[in-house]
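*Asks:* Data file work21.cif (mmCIF, C-alpha atoms) is appended below.
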data_coords
loop_
_atom_site.group_PDB
_atom_site.id
_atom_site.type_symbol
_atom_site.label_atom_id
_atom_site.label_comp_id
_atom_site.auth_asym_id
_atom_site.auth_seq_id
_atom_site.Cartn_x
_atom_site.Cartn_y
_atom_site.Cartn_z
ATOM 1 C CA MET A 1 4.547 164.126 -28.304
ATOM 2 C CA PRO A 2 1.088 165.556 -29.053
ATOM 3 C CA SER A 3 -1.072 166.305 -26.034
ATOM 4 C CA ARG A 4 -3.952 163.983 -25.272
ATOM 5 C CA THR A 5 -7.356 165.253 -24.166
ATOM 6 C CA GLY A 6 -10.770 163.813 -23.375
ATOM 7 C CA PRO A 7 -11.423 160.229 -22.184
ATOM 8 C CA THR A 8 -7.922 159.026 -23.217
ATOM 9 C CA ALA A 9 -6.253 161.539 -20.899
ATOM 10 C CA VAL A 10 -8.622 160.541 -18.089
ATOM 11 C CA LEU A 11 -7.737 156.866 -18.481
ATOM 12 C CA LEU A 12 -4.023 157.699 -18.443
ATOM 13 C CA THR A 13 -4.559 159.742 -15.273
ATOM 14 C CA LEU A 14 -6.360 156.868 -13.571
ATOM 15 C CA THR A 15 -3.561 154.468 -14.586
ATOM 16 C CA SER A 16 -0.852 156.731 -13.199
ATOM 17 C CA ILE A 17 -2.771 157.145 -9.927
ATOM 18 C CA ARG A 18 -3.139 153.401 -9.507
ATOM 19 C CA ARG A 19 0.579 152.937 -10.123
ATOM 20 C CA SER A 20 1.591 155.713 -7.744
ATOM 21 C CA SER A 21 -0.572 154.245 -4.961
ATOM 22 C CA HIS A 22 1.754 151.241 -4.824
ATOM 23 C CA MET A 23 5.067 153.178 -4.903
ATOM 24 C CA PRO A 24 6.628 154.707 -1.767
ATOM 25 C CA THR A 25 7.450 158.386 -2.046
ATOM 26 C CA GLU A 26 10.782 157.923 -0.169
ATOM 27 C CA PRO A 27 13.284 155.060 0.025
ATOM 28 C CA VAL A 28 12.480 152.785 2.949
ATOM 29 C CA PRO A 29 15.556 151.881 5.052
ATOM 30 C CA GLN A 30 16.067 148.162 5.299
ATOM 31 C CA ASP A 31 17.110 146.372 8.439
ATOM 32 C CA SER A 32 19.997 144.061 7.685
ATOM 33 C CA SER A 33 18.587 141.537 10.100
ATOM 34 C CA SER A 34 15.462 141.156 7.981
ATOM 35 C CA ALA A 35 17.020 141.016 4.536
ATOM 36 C CA THR A 36 14.895 138.038 3.619
ATOM 37 C CA ALA A 37 11.608 139.821 4.476
ATOM 38 C CA ASP A 38 9.169 140.683 1.697
ATOM 39 C CA PRO A 39 10.202 144.168 0.481
ATOM 40 C CA SER A 40 6.801 144.872 -1.105
ATOM 41 C CA PRO A 41 5.204 148.081 0.182
ATOM 42 C CA PRO A 42 1.757 148.033 1.800
ATOM 43 C CA THR A 43 -1.102 147.947 -0.708
ATOM 44 C CA ASP A 44 -3.641 149.983 1.311
ATOM 45 C CA PRO A 45 -4.307 153.284 -0.515
ATOM 46 C CA THR A 46 -3.708 156.545 1.311
ATOM 47 C CA ARG A 47 -6.341 159.204 1.850
ATOM 48 C CA ARG A 48 -4.635 161.352 -0.785
ATOM 49 C CA THR A 49 -4.858 158.512 -3.317
ATOM 50 C CA VAL A 50 -8.547 157.912 -2.619
ATOM 51 C CA LEU A 51 -9.366 161.602 -3.098
ATOM 52 C CA ALA A 52 -7.321 161.842 -6.289
ATOM 53 C CA THR A 53 -8.937 158.709 -7.702
ATOM 54 C CA GLY A 54 -12.435 160.037 -6.928
ATOM 55 C CA ALA A 55 -11.669 163.312 -8.674
ATOM 56 C CA ALA A 56 -10.382 161.477 -11.728
ATOM 57 C CA VAL A 57 -13.473 159.250 -11.880
ATOM 58 C CA GLY A 58 -15.700 162.344 -11.689
ATOM 59 C CA THR A 59 -13.728 163.923 -14.506
ATOM 60 C CA ALA A 60 -14.176 160.764 -16.560
ATOM 61 C CA ALA A 61 -17.945 160.852 -16.034
ATOM 62 C CA VAL A 62 -18.183 164.492 -17.070
ATOM 63 C CA ALA A 63 -15.925 163.958 -20.073
ATOM 64 C CA GLY A 64 -17.972 160.965 -21.143
ATOM 65 C CA GLY A 65 -21.227 162.945 -20.930
ATOM 66 C CA VAL A 66 -19.883 166.004 -22.761
ATOM 67 C CA LEU A 67 -17.850 164.236 -25.405
ATOM 68 C CA GLY A 68 -20.118 161.242 -25.833
ATOM 69 C CA ALA A 69 -22.661 163.140 -27.960
ATOM 70 C CA GLY A 70 -19.956 164.140 -30.389
ATOM 71 C CA LEU A 71 -18.803 160.504 -30.710
ATOM 72 C CA LEU A 72 -22.216 159.173 -31.761
ATOM 73 C CA PRO A 73 -22.498 157.772 -35.291
ATOM 74 C CA GLU A 74 -24.293 160.108 -37.661
ATOM 75 C CA PRO A 75 -27.539 158.018 -37.864
ATOM 76 C CA ALA A 76 -27.772 157.895 -34.060
ATOM 77 C CA ALA A 77 -27.063 161.614 -33.745
ATOM 78 C CA ALA A 78 -29.744 162.328 -36.349
ATOM 79 C CA ALA A 79 -32.243 160.206 -34.427
ATOM 80 C CA VAL A 80 -31.499 162.129 -31.235
ATOM 81 C CA ALA A 81 -31.847 165.450 -33.031
ATOM 82 C CA ALA A 82 -35.137 164.492 -34.712
ATOM 83 C CA VAL A 83 -38.011 165.685 -32.524
ATOM 84 C CA PRO A 84 -41.518 164.509 -33.475
ATOM 85 C CA THR A 85 -43.854 167.417 -34.100
ATOM 86 C CA SER A 86 -47.518 167.789 -35.022
ATOM 87 C CA ARG A 87 -49.636 170.526 -36.508
ATOM 88 C CA LEU A 88 -52.919 171.282 -34.822
ATOM 89 C CA THR A 89 -55.668 173.825 -35.024
ATOM 90 C CA LEU A 90 -57.566 175.063 -31.996
ATOM 91 C CA THR A 91 -59.542 178.086 -30.876
ATOM 92 C CA VAL A 92 -58.232 180.114 -27.937
ATOM 93 C CA ASN A 93 -60.411 182.912 -26.558
ATOM 94 C CA GLY A 94 -62.390 183.020 -29.806
ATOM 95 C CA THR A 95 -59.337 183.216 -32.085
ATOM 96 C CA ARG A 96 -58.417 180.330 -34.358
ATOM 97 C CA HIS A 97 -54.770 179.245 -34.229
ATOM 98 C CA ALA A 98 -52.835 176.768 -36.396
ATOM 99 C CA VAL A 99 -49.531 175.839 -34.757
ATOM 100 C CA THR A 100 -46.793 173.226 -35.112
ATOM 101 C CA VAL A 101 -45.501 171.985 -31.775
ATOM 102 C CA ASP A 102 -43.274 169.334 -30.267
ATOM 103 C CA ASN A 103 -45.538 166.386 -29.406
ATOM 104 C CA ARG A 104 -44.449 166.707 -25.765
ATOM 105 C CA THR A 105 -45.639 170.328 -25.447
ATOM 106 C CA SER A 106 -48.228 170.911 -22.748
ATOM 107 C CA LEU A 107 -51.215 173.163 -23.251
ATOM 108 C CA LEU A 108 -49.719 175.504 -20.638
ATOM 109 C CA ASP A 109 -46.471 175.891 -22.591
ATOM 110 C CA LEU A 110 -48.410 176.323 -25.826
ATOM 111 C CA LEU A 111 -50.382 179.182 -24.280
ATOM 112 C CA ARG A 112 -47.436 180.885 -22.621
ATOM 113 C CA GLU A 113 -44.529 180.221 -24.998
ATOM 114 C CA HIS A 114 -46.241 180.016 -28.391
ATOM 115 C CA LEU A 115 -49.285 182.274 -28.089
ATOM 116 C CA GLY A 116 -47.993 184.775 -25.520
ATOM 117 C CA LEU A 117 -50.949 184.252 -23.151
ATOM 118 C CA THR A 118 -49.125 184.403 -19.824
ATOM 119 C CA GLY A 119 -52.180 184.828 -17.606
ATOM 120 C CA SER A 120 -52.250 181.090 -16.913
ATOM 121 C CA LYS A 121 -49.513 180.529 -14.340
ATOM 122 C CA LYS A 122 -47.045 177.678 -14.002
ATOM 123 C CA GLY A 123 -47.118 176.811 -10.329
ATOM 124 C CA CYS A 124 -46.226 173.205 -9.505
ATOM 125 C CA ASP A 125 -46.181 171.940 -13.124
ATOM 126 C CA ALA A 126 -47.574 168.689 -11.735
ATOM 127 C CA GLY A 127 -51.334 169.286 -11.590
ATOM 128 C CA ALA A 128 -51.408 169.796 -7.823
ATOM 129 C CA CYS A 129 -51.962 173.546 -7.358
ATOM 130 C CA GLY A 130 -54.501 174.601 -10.009
ATOM 131 C CA ALA A 131 -52.700 177.825 -10.954
ATOM 132 C CA CYS A 132 -52.828 176.818 -14.631
ATOM 133 C CA THR A 133 -56.559 176.011 -14.720
ATOM 134 C CA VAL A 134 -58.259 176.863 -18.035
ATOM 135 C CA LEU A 135 -61.531 175.875 -19.666
ATOM 136 C CA VAL A 136 -61.372 173.327 -22.492
ATOM 137 C CA ASP A 137 -64.706 173.007 -24.279
ATOM 138 C CA GLY A 138 -66.318 174.537 -21.199
ATOM 139 C CA ARG A 139 -64.735 172.161 -18.683
ATOM 140 C CA ARG A 140 -61.950 173.133 -16.310
ATOM 141 C CA GLN A 141 -58.639 171.467 -16.930
ATOM 142 C CA ASN A 142 -55.071 171.658 -15.636
ATOM 143 C CA ALA A 143 -53.158 173.001 -18.612
ATOM 144 C CA CYS A 144 -49.819 171.693 -17.319
ATOM 145 C CA LEU A 145 -51.044 168.081 -17.545
ATOM 146 C CA THR A 146 -52.748 168.391 -20.932
ATOM 147 C CA LEU A 147 -50.841 167.588 -24.105
ATOM 148 C CA ALA A 148 -51.488 170.259 -26.716
ATOM 149 C CA VAL A 149 -51.613 167.711 -29.561
ATOM 150 C CA ARG A 150 -54.773 166.206 -28.044
ATOM 151 C CA LEU A 151 -56.718 169.429 -28.492
ATOM 152 C CA GLU A 152 -57.389 169.419 -32.224
ATOM 153 C CA ASP A 153 -60.466 171.630 -32.865
ATOM 154 C CA ALA A 154 -60.884 172.282 -29.141
ATOM 155 C CA GLU A 155 -62.059 175.601 -27.702
ATOM 156 C CA VAL A 156 -59.887 176.937 -24.908
ATOM 157 C CA THR A 157 -60.712 179.844 -22.613
ATOM 158 C CA THR A 158 -58.020 181.499 -20.519
ATOM 159 C CA ILE A 159 -58.205 184.391 -18.077
ATOM 160 C CA GLU A 160 -57.488 186.770 -20.981
ATOM 161 C CA GLY A 161 -60.697 185.669 -22.695
ATOM 162 C CA LEU A 162 -63.190 186.158 -19.846
ATOM 163 C CA ALA A 163 -63.691 189.906 -20.063
ATOM 164 C CA ASP A 164 -66.053 191.285 -22.687
ATOM 165 C CA GLY A 165 -64.013 194.127 -24.110
ATOM 166 C CA GLY A 166 -63.496 196.536 -21.227
ATOM 167 C CA ARG A 167 -66.194 194.911 -19.114
ATOM 168 C CA LEU A 168 -64.986 192.370 -16.556
ATOM 169 C CA HIS A 169 -66.587 188.994 -16.082
ATOM 170 C CA THR A 170 -68.904 188.936 -13.060
ATOM 171 C CA LEU A 171 -66.509 186.679 -11.132
ATOM 172 C CA GLN A 172 -63.544 188.916 -11.941
ATOM 173 C CA GLN A 173 -65.496 191.851 -10.543
ATOM 174 C CA ALA A 174 -66.523 189.789 -7.512
ATOM 175 C CA PHE A 175 -62.868 189.006 -6.754
ATOM 176 C CA ILE A 176 -62.216 192.758 -6.713
ATOM 177 C CA ASP A 177 -65.274 193.494 -4.586
ATOM 178 C CA GLN A 178 -64.434 190.793 -2.047
ATOM 179 C CA ASP A 179 -60.667 191.468 -2.070
ATOM 180 C CA ALA A 180 -60.229 187.787 -2.890
ATOM 181 C CA SER A 181 -56.650 187.987 -4.153
ATOM 182 C CA GLN A 182 -53.474 188.823 -2.281
ATOM 183 C CA CYS A 183 -50.295 188.023 -4.230
ATOM 184 C CA GLY A 184 -52.484 187.267 -7.254
ATOM 185 C CA TYR A 185 -50.449 184.353 -8.583
ATOM 186 C CA CYS A 186 -53.206 181.767 -8.171
ATOM 187 C CA THR A 187 -56.006 184.189 -9.092
ATOM 188 C CA PRO A 188 -56.334 183.344 -12.836
ATOM 189 C CA GLY A 189 -56.727 179.653 -12.047
ATOM 190 C CA GLN A 190 -59.065 180.381 -9.135
ATOM 191 C CA ILE A 191 -61.318 182.513 -11.334
ATOM 192 C CA LEU A 192 -61.456 179.975 -14.198
ATOM 193 C CA SER A 193 -62.216 177.203 -11.717
ATOM 194 C CA GLY A 194 -64.851 179.392 -10.061
ATOM 195 C CA VAL A 195 -66.534 180.101 -13.414
ATOM 196 C CA ALA A 196 -66.761 176.351 -14.059
ATOM 197 C CA CYS A 197 -67.977 175.751 -10.508
ATOM 198 C CA ILE A 198 -70.852 178.172 -11.108
ATOM 199 C CA GLN A 199 -71.667 176.679 -14.513
ATOM 200 C CA GLU A 200 -71.692 173.185 -13.009
ATOM 201 C CA GLY A 201 -74.149 174.295 -10.316
ATOM 202 C CA HIS A 202 -71.908 173.576 -7.349
ATOM 203 C CA THR A 203 -72.642 176.741 -5.388
ATOM 204 C CA GLY A 204 -75.399 175.592 -3.049
ATOM 205 C CA SER A 205 -73.410 176.349 0.099
ATOM 206 C CA PRO A 206 -69.972 177.584 1.178
ATOM 207 C CA GLU A 207 -69.056 173.995 1.989
ATOM 208 C CA GLU A 208 -70.010 172.838 -1.508
ATOM 209 C CA ILE A 209 -68.001 175.645 -3.100
ATOM 210 C CA ARG A 210 -64.956 174.788 -1.006
ATOM 211 C CA GLU A 211 -65.276 171.125 -1.992
ATOM 212 C CA TRP A 212 -65.501 171.836 -5.723
ATOM 213 C CA MET A 213 -62.750 174.477 -5.577
ATOM 214 C CA SER A 214 -60.413 172.292 -3.511
ATOM 215 C CA GLY A 215 -58.112 171.639 -6.460
ATOM 216 C CA ASN A 216 -57.000 175.282 -6.447
ATOM 217 C CA ILE A 217 -54.462 176.214 -3.787
ATOM 218 C CA CYS A 218 -54.120 179.744 -2.413
ATOM 219 C CA ARG A 219 -50.874 179.995 -0.490
ATOM 220 C CA CYS A 220 -51.909 183.390 0.873
ATOM 221 C CA GLY A 221 -54.943 181.831 2.570
ATOM 222 C CA CYS A 222 -57.703 183.913 0.947
ATOM 223 C CA TYR A 223 -60.145 181.003 0.867
ATOM 224 C CA PRO A 224 -63.036 182.688 2.767
ATOM 225 C CA LYS A 225 -62.932 185.673 0.405
ATOM 226 C CA ILE A 226 -62.702 183.421 -2.648
ATOM 227 C CA VAL A 227 -65.807 181.543 -1.496
ATOM 228 C CA ARG A 228 -67.655 184.821 -0.984
ATOM 229 C CA ALA A 229 -66.620 185.990 -4.474
ATOM 230 C CA VAL A 230 -67.985 182.795 -6.040
ATOM 231 C CA GLN A 231 -71.202 183.218 -4.055
ATOM 232 C CA GLN A 232 -71.535 186.814 -5.235
ATOM 233 C CA ALA A 233 -71.011 185.870 -8.889
ATOM 234 C CA ALA A 234 -73.494 183.039 -8.560
ATOM 235 C CA GLY A 235 -76.086 185.391 -7.091
ATOM 236 C CA LYS A 236 -76.011 183.614 -3.746
ATOM 237 C CA LYS A 237 -74.774 186.649 -1.789
#
Please go through the file and, once you have read it, give me the structure as structure tokens.
*Replies:*
Amino acid sequence: MPSRTGPTAVLLTLTSIRRSSHMPTEPVPQDSSSATADPSPPTDPTRRTVLATGAAVGTAAVAGGVLGAGLLPEPAAAAVAAVPTSRLTLTVNGTRHAVTVDNRTSLLDLLREHLGLTGSKKGCDAGACGACTVLVDGRRQNACLTLAVRLEDAEVTTIEGLADGGRLHTLQQAFIDQDASQCGYCTPGQILSGVACIQEGHTGSPEEIREWMSGNICRCGCYPKIVRAVQQAAGKK
């Protein structure tokens, strides 16, 4: 008989387990005085049966997930395989790019995976930490929450585009002067957010800077130095 694999074998296994749970493993001696008693064995499953049944059900679930894709009709499989894409053109750090991307691609993934600009960091990937902050048309934006397809003809500035040749941006230099980075992971987003904070005119006091930079988390706790760096770049210190 040919061997059976996949969901069929799993169903056969479950059937055999159910049958075995109602069959005693050894003959049960009968008392002659109770010959008229119901000879049916107890129907409560044993611990061994419960464990075996659970394992078989898990196997069925895995087999269904793995083999199910291969059992889809061709039109359905083609629909699953078809991923909607769009072509867009945008300017990143002064360079014009024309790219075709999956419509679900975030600006952060476009920068890192398609354009090789890895300065913008993927921290929480949920818009909560600010590590991916970039400037879009001069305004700060969380790249992880921004769909790339919405940025047709937009101008994007990342940390790689702040320096002028070999000359650092004033805020980049201020971060060095004030020792405002420790592990450095959040630094690109902090600097881009700080540049926007200065351009927006929110540097009147340390308290105002902290308020308008509150969307950028520094897990190393360098907030006082970051505030001083923004003040220095803004000419307030």
*Asks:* With the PyMOL selection byres ((chain A and resi 145) around 8) as the selection, what would be picked from this file? Answer as a list of chain:residue names, please.
*Replies:*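 On the file shown, the PyMOL selection byres ((chain A and resi 145) around 8) covers A:Ser106, A:Leu107, A:Asp125, A:Ala126, A:Gly127, A:Asn142, A:Ala143, A:Cys144, A:Thr146, A:Leu147.
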*Asks:* Per residue of stretch 95-182 of chain A within 7 Å of stretch 202-218 of chain A, which atom pair is closest and at what distance in Å (one decimal), using all atoms listed in the file, listed by chain and increasing number, as a tab-separated table?
*Replies:*
residue	atom	partner	partner_atom	distance
A:Cys129	CA	A:Ile217	CA	5.1
A:Gly130	CA	A:Asn216	CA	4.4
A:Ala131	CA	A:Asn216	CA	6.7
*Asks:* Need the shell around A:His97: protein/DNA/RNA residues with any atom at most 9 Å away, counting all atoms listed in the file. Skip same-chain ones fewer than 4 positions apart. Format as a list in words?
*Replies:*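 In the requested form, the answer reads Leu88, Thr89, Leu90, Thr91, Val92 and Leu115 of chain A.
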*Asks:* Near A:Val134, within 12 Å and counting all atoms listed in the file, which residues show up once chain neighbours fewer than 6 positions away are dropped, as JSON, numbers by chain?
*Replies:* {"A": [92, 93, 107, 108, 111, 117, 118, 119, 120, 121, 122, 140, 141, 142, 143, 144, 145, 146, 155, 156, 157, 158, 159, 160, 161, 162, 187, 188, 189, 190, 191, 192, 193, 194, 195, 196, 216]}
*Asks:* Between atom CA of A:Gly138 and atom CA of A:Cys197, what is the distance in Å, rounded to a tenth?
*Replies:*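 So the two atoms, atom CA of A:Gly138 and atom CA of A:Cys197, lie 10.9 Å apart.
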*Asks:* Taking the file above as input, evaluate the PyMOL selection byres ((chain A and resi 165-180) around 8) and report the hits as a ChimeraX atom specification.
*Replies:* /A:162-164,181-182,191,194-195,222-223,225-226,228-230,232-233
*Asks:* Would you work out the distance separating atom CA of A:Leu151 from atom CA of A:Asp137, expressed in Å to one decimal?
*Replies:*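 Spanning atom CA of A:Leu151 to atom CA of A:Asp137 is a straight-line distance of 9.7 Å.
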*Asks:* Take atom CA of A:Glu113 and atom CA of A:Thr95 and report the distance between them in Å, one decimal.
*Replies:* 16.7 Å
*Asks:* Choose the residue, out of A:Cys220, A:Cys186, A:Val149, A:Ala234, that has the smallest atom-to-atom separation from A:Val101; count only C-alpha atoms.
*Replies:*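 Going through A:Cys220, A:Cys186, A:Val149, A:Ala234 one by one, the smallest distance to A:Val101 is for A:Val149.
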*Asks:* The PyMOL selection byres ((chain A and resi 87) around 6) - which residues does that actually catch in the file I just gave you? List them as a VMD selection string.
*Replies:* chain A and resid 86 88 99 to 100
*Asks:* Restricted to C-alpha atoms, what would the selected residues look like written as a JSON list (two decimals), in the frame of the given file?
*Replies:*
[["chain", "number", "residue", "atom", "x", "y", "z"],
["A", 86, "SER", "CA", -47.52, 167.79, -35.02],
["A", 88, "LEU", "CA", -52.92, 171.28, -34.82],
["A", 99, "VAL", "CA", -49.53, 175.84, -34.76],
["A", 100, "THR", "CA", -46.79, 173.23, -35.11]]
*Asks:* Mind giving me the axis-aligned box for stretch 89-92 of chain A with 8 Å on every side, centre plus edges in Å to one decimal, as lines of an AutoDock Vina configuration file?
*Replies:*
center_x = -57.6
center_y = 177.0
center_z = -31.5
size_x = 19.9
size_y = 22.3
size_z = 23.1
*Asks:* Tell me which of A:Asn103, A:Ala148, A:Gly123, A:Gly116 sits closest to A:Val83, counting all atoms listed in the file.
*Replies:*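 The answer is A:Asn103, which sits nearest to A:Val83.
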*Asks:* Between A:Val136, A:Ile198, A:Ala128, A:Ala82, single out the one closest to A:Glu152, counting only C-alpha atoms.
*Replies:*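 For A:Glu152, the nearest of the given residues is A:Val136.
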